[in-house]
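Participant: Quick one: structure below, then a few questions.
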Protein chains: 2
Amino acid sequence: MYRGTYPHYPQPLLLLLYIILLLFKQIEGDLLIMKIYCNQEILLNNINIVAKACSSRTAMPILECILINAKENEVTLVGNNLEVGIESTFEADVTENGLIAIEAKIFSEIIKKMPQGEVEISLLPNNMLSIIGGKAKFTISAQPGEDFPKLPIVQTQTSYTLSQVVLKDMIRQTIFSVSQDETRPILTGEMFHLKNGELNLVSVDGFRISYRCASLYTEQSLEEMEGVVPGKALAELNKILSTEAEDKVTIYFGTNNVLFDLGYSKVVSRLLEGEFLKYAQVFSNDYETQITIDRKDLLMSIERAALISKEGRKNPIRIELIQDQMIISSNTDLGTVHEELDIELDGIELKIAFNPKYLIEALKSIDDDVVVINFLSAMAPCIIQPLEGNDYKYLILPIRVTA
Amino acid sequence: MYRGTYPHYPQPLLLLLYIILLLFKQIEGDLLIMKIYCNQEILLNNINIVAKACSSRTAMPILECILINAKENEVTLVGNNLEVGIESTFEADVTENGLIAIEAKIFSEIIKKMPQGEVEISLLPNNMLSIIGGKAKFTISAQPGEDFPKLPIVQTQTSYTLSQVVLKDMIRQTIFSVSQDETRPILTGEMFHLKNGELNLVSVDGFRISYRCASLYTEQSLEEMEGVVPGKALAELNKILSTEAEDKVTIYFGTNNVLFDLGYSKVVSRLLEGEFLKYAQVFSNDYETQITIDRKDLLMSIERAALISKEGRKNPIRIELIQDQMIISSNTDLGTVHEELDIELDGIELKIAFNPKYLIEALKSIDDDVVVINFLSAMAPCIIQPLEGNDYKYLILPIRVTA
């Protein structure tokens with residue numbers, strides 16, 4: 001009998017072993033709620049992109065974090081400060097899917113200093129993130145990925161595509177005259193006006209208007225669309241736009257948001273609400289005085305003349321247009337300056353004064369060697385534009401000075 | 001009779017003419033109390049050198065100025081903030097000798113923006129300085145050169161000469177441990193100890209000592225000499241020391257001042273008074289534990305470990321030396337880090353803790369691939385030195401930590 005029951009004997013032991021094994025598996029499953037192997041350099045590049053949308057010092061610590069979303073051999077990183085959100089996706093060896101948020105600053109510093117090669121990132125219990133590269137092992141406290149604010153979804157059928165390097169140039173050439181005055185929020189952004197296969201970009205502060213225009217890839221008659229994108233979002237977008245001519249960006253305008261799709265990464269920004277300046281009506285081709293001038297010579301002369309206006313450059317420079325000469329002068333406590341420049345003049349002679357900063361910023365952003373400037377009177381704005389074409393227009397208000 | 005007096009008639013007129021001519025000559029003499037023609041680029045280089053000794057925002061506006069001393073086809077510029085003085089001389093076409101002081105910032109900005117080529121500088125009445133380059137003309141108010149504080153004269157017979165690039169390296173490799181604590185002024189400088197044809201440079205703050213040594217060109221037995229030069233003066237000197245191996249610097253120690261003669265320019269600084277640390281006694285060759293380690297690997301490991309000590313890096317890193325391994329670890333609110341490094345160990349195993357900043361700054365300043373570190377105990381300082389020779393020694397105090 002004993003012999004007969006012998007094989008039954010170990011059953012409770014086997015059951016116990018089975019339970020222990022199950023438990024281990026459970027624990028192991030818990031331990032490995034995320035596991036990624038990826039290249040240090042690729043990871044760092046992607047961190048640098050999305051970190052531009054992370055807050056620094058906010059009342060909501062989760063906004064200082066980067067969300068890591070590991071799913072089926074792809075890792076998506078997300079930064080989101082609720083004004084701008086950036087996500088960036090790259091291929092990686094994901095052995096366990098998972099979602100976790102880690103403070104952007106420490107994550108970026110650790111990955112930056114890691115030895116080149118493979119980095120292993122895995123999530124341990126209690127939201128501790130393990131980061132291993134070579135013989136360096138970090139364990140950093142992280143936050144549940146579920147707490148991270150989702151990027152808004154931009155719903156639209158229409159999209160507009162252009163070259164990234166063109167959009168990068170357009171932003172650089174207009175962003176300096178975005179208003180810093182928060183009392184008129186709409187002017188702290190740039191108007192994107194899409195019409196007839198063209199993108200028109202316009203920024204306005206109280207003293208000047210900057211306008212740039214470029215062709216879209218999609219020339220077919222698309223719906224006319226406009227939206228005002230915050231200057232801060234454009235500044236961050238500009239940093240991650242490629243300088244390669246073949247890279248494209250596709251823009252989607254939703255009701256309250258805009259999405260810039262760069263392929264490898266996406267930038268989402270809210271749109272500003274309010275009435276923007278009717279810019280098309282402002283730029284007139286009428287003039288009483290028109291000059292053609294070497295852009296670089298003019299820029300350098302104004303930069304010199306601005307030197308003696310000291311502290312903040314609030315003192316005006318005076319410009320006198322006579323026959324074939326422009327005379328620039330300024331006179332402050334510090335001393336005087338007098339500059340002469342060769343010009344081609346069409347129309348009547350004129351004396352006018354400007355804040356040199358506005359002229360300098362416009363002239364610096366232009367790439368052409370020669371520019372045309374139209375004047376109506378000493379009280380009316382001047383308009384700087386190219387010798388040919390309509391790619392850009394800079395309108396600048398003069399300063400009224402006593403003779 | 002009338003006829004006879006006729007030739008006498010114009011005499012008063014002639015006299016008047018003569019007086020007017022004299023007066024004109026006088027005025028012209030006054031107008032041209034200084035006139036220089038020089039090259040814009042050469043002038044700018046010399047301004048940049050001496051401007052390092054100009055004060056910014058001081059109660060004595062003359063200290064914000066550069067003195068221009070034009071004399072017989074040479075122009076000498078001087079900056080002097082009463083702690084450090086720098087003078088620099090260059091050849092120029094001086095048609096009228098003169099002396100004037102002009103605010104360094106505006107002078108430097110104007111010359112920087114001037115067109116390339118010749119610049120004309122002349123002094124007008126009422127201390128107005130005219131600066132002309134191409135078609136750009138400035139008139140800037142200046143100050144009488146007589147008001148500018150003279151550089152102290154360093155009286156000594158003995159001089160010490162070494163390569164500029166060597167002194168530049170020595171300063172770079174020691175200046176980081178100059179004390180910032182003004183309560184012990186003597187430690188805010190570096191000891192220059194000249195002995196047996198060698199220059200020994202030493203800096204000390206409360207936590208570490210940096211020592212560098214190099215041969216002088218003059219090997220003959222010169223008088224032993226020592227002086228403590230303010231760290232701020234060395235920082236400015238360092239910026240203008242050449243990186244060309246053949247350029248020499250000659251050092252003259254006076255009673256209260258030191259002169260560094262770079263040939264094209266001269267730097268004068270006051271010396272600090274007080275008792276400096278007797279550094280020679282501090283560096284012992286005794287050890288209980290000696291390790292030989294790859295400098296770059298160690299630096300990178302410590303830099304990583306320092307990342308999680310957050311804000312100011314005040315948290316210590318722990319080092320464990322066992323057999324052929326160094327284990328670096330740190331543990332803060334942010335998380336933990338664990339690093340392993342290969343070492344050669346001679347002596348007993350040891351656990352010790354340091355402020356990572358001090359190790360990082362020392363290891364960064366060393367050029368060697370491999371370094372030797374000597375330890376006596378967990379309470380005694382470690383000494384980092386080269387595998388061979390005595391060119392440098394870095395002593396760093398440990399931090400006492402609870403196990």
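We name chains A, B, ... following the order of the structure tokens; residues begin at 1 in each chain, and ligands are numbered from 1 as shown.
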Over all C-alpha pairs taken in order, what is the RMSD once chain A has been least-squares superposed onto chain B?
Facilitator: 0.5 Å
Participant: Select all residues from chain A having any atom no more than 10 Å from an atom of chain B (counting only C-alpha atoms, ignoring ligands), output as an NGL selection string.
Facilitator: :A and (103 or 106-107 or 109-115 or 128-142 or 297 or 300-301 or 303-308 or 310 or 327-341)
Participant: So how many Å separate CA of Cys213 in chain B and CA of Gly197 in chain B, to one decimal?
Facilitator: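 Between CA of Cys213 in chain B and CA of Gly197 in chain B the gap works out to 10.5 Å.
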Participant: Among range 227-285 of chain B, which ones does DSSP assign to helix (DSSP H, G or I) (computed from the backbone)? Answer as a PyMOL selection string.
Facilitator: chain B and resi 231-240+279-281
Participant: Find the distance between CA of Lys168 in chain B and CA of Phe260 in chain B and write it in Å to one decimal.
Facilitator: 12.2 Å
Participant: Residues within 10 Å of Lys35 in chain A, please, as an mmCIF file with C-alpha atoms, in the first residue's frame. Count only C-alpha atoms; anything in the same chain fewer than 3 positions from it doesn't count.
Facilitator:
```cif
data_model
loop_
_atom_site.group_PDB
_atom_site.id
_atom_site.type_symbol
_atom_site.label_atom_id
_atom_site.label_comp_id
_atom_site.auth_asym_id
_atom_site.auth_seq_id
_atom_site.Cartn_x
_atom_site.Cartn_y
_atom_site.Cartn_z
ATOM 1 C CA LEU A 31 9.827 43.665 -12.462
ATOM 2 C CA LEU A 32 9.924 43.871 -16.205
ATOM 3 C CA ALA A 70 8.007 51.694 -25.358
ATOM 4 C CA LYS A 71 5.887 49.616 -27.698
ATOM 5 C CA ASP A 93 14.867 46.723 -29.128
ATOM 6 C CA VAL A 94 11.820 46.692 -26.829
ATOM 7 C CA THR A 95 11.579 43.393 -24.937
ATOM 8 C CA GLU A 96 8.801 44.604 -22.593
ATOM 9 C CA ASN A 97 6.358 47.386 -23.478
ATOM 10 C CA GLY A 98 5.862 50.102 -20.903
ATOM 11 C CA GLU A 120 19.522 49.419 -21.325
ATOM 12 C CA ILE A 121 16.488 51.064 -19.759
ATOM 13 C CA SER A 122 14.128 49.058 -17.587
ATOM 14 C CA LEU A 123 11.430 49.822 -15.083
ATOM 15 C CA LEU A 124 11.722 48.385 -11.574
ATOM 16 C CA LEU A 129 13.947 53.441 -13.606
ATOM 17 C CA SER A 130 17.159 51.510 -14.158
#
```
Participant: Which of these, A:Leu237, A:Cys65, A:Leu13, A:Val268, has the shortest distance to Gln155 in chain A once you count only C-alpha atoms?
Facilitator: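 Of A:Leu237, A:Cys65, A:Leu13, A:Val268, the one nearest Gln155 in chain A is A:Val268, counting only C-alpha atoms.
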Participant: Run DSSP on the backbone of this structure and report the residues of range 65-193 of chain B it assigns to strand (DSSP E or B), as an MDAnalysis selection string.
Facilitator: chainID B and resid 65:71 74:80 84:91 93:96 98:103 118:124 128:133 136:141 143:144 160:163 189:193
Participant: How many Å separate CA of Leu241 in chain B from CA of Pro149 in chain B?
Facilitator: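 Going from CA of Leu241 in chain B over to CA of Pro149 in chain B, I get 24.2 Å.
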Participant: Considering only C-alpha atoms, return as a ChimeraX atom specification whatever protein or nucleic-acid residues lie within 9 Å of Asp286 in chain A, sequence-local ones (same chain, fewer than 6 positions apart) excluded.
Facilitator: /A:374-376
Participant: Could you give me, as a list in words, the residues within 10 Å of Gly227 in chain B, counting only C-alpha atoms and dropping anything in the same chain fewer than 3 positions from it?
Facilitator: Gly189, Glu190, Met191, Phe192, His193, Leu194, Pro230, Phe253, Gly254, Thr255, Asn256, Asn257, Val258, Arg270, Leu271, Leu272, Glu273, Gly274 and Phe276 of chain B
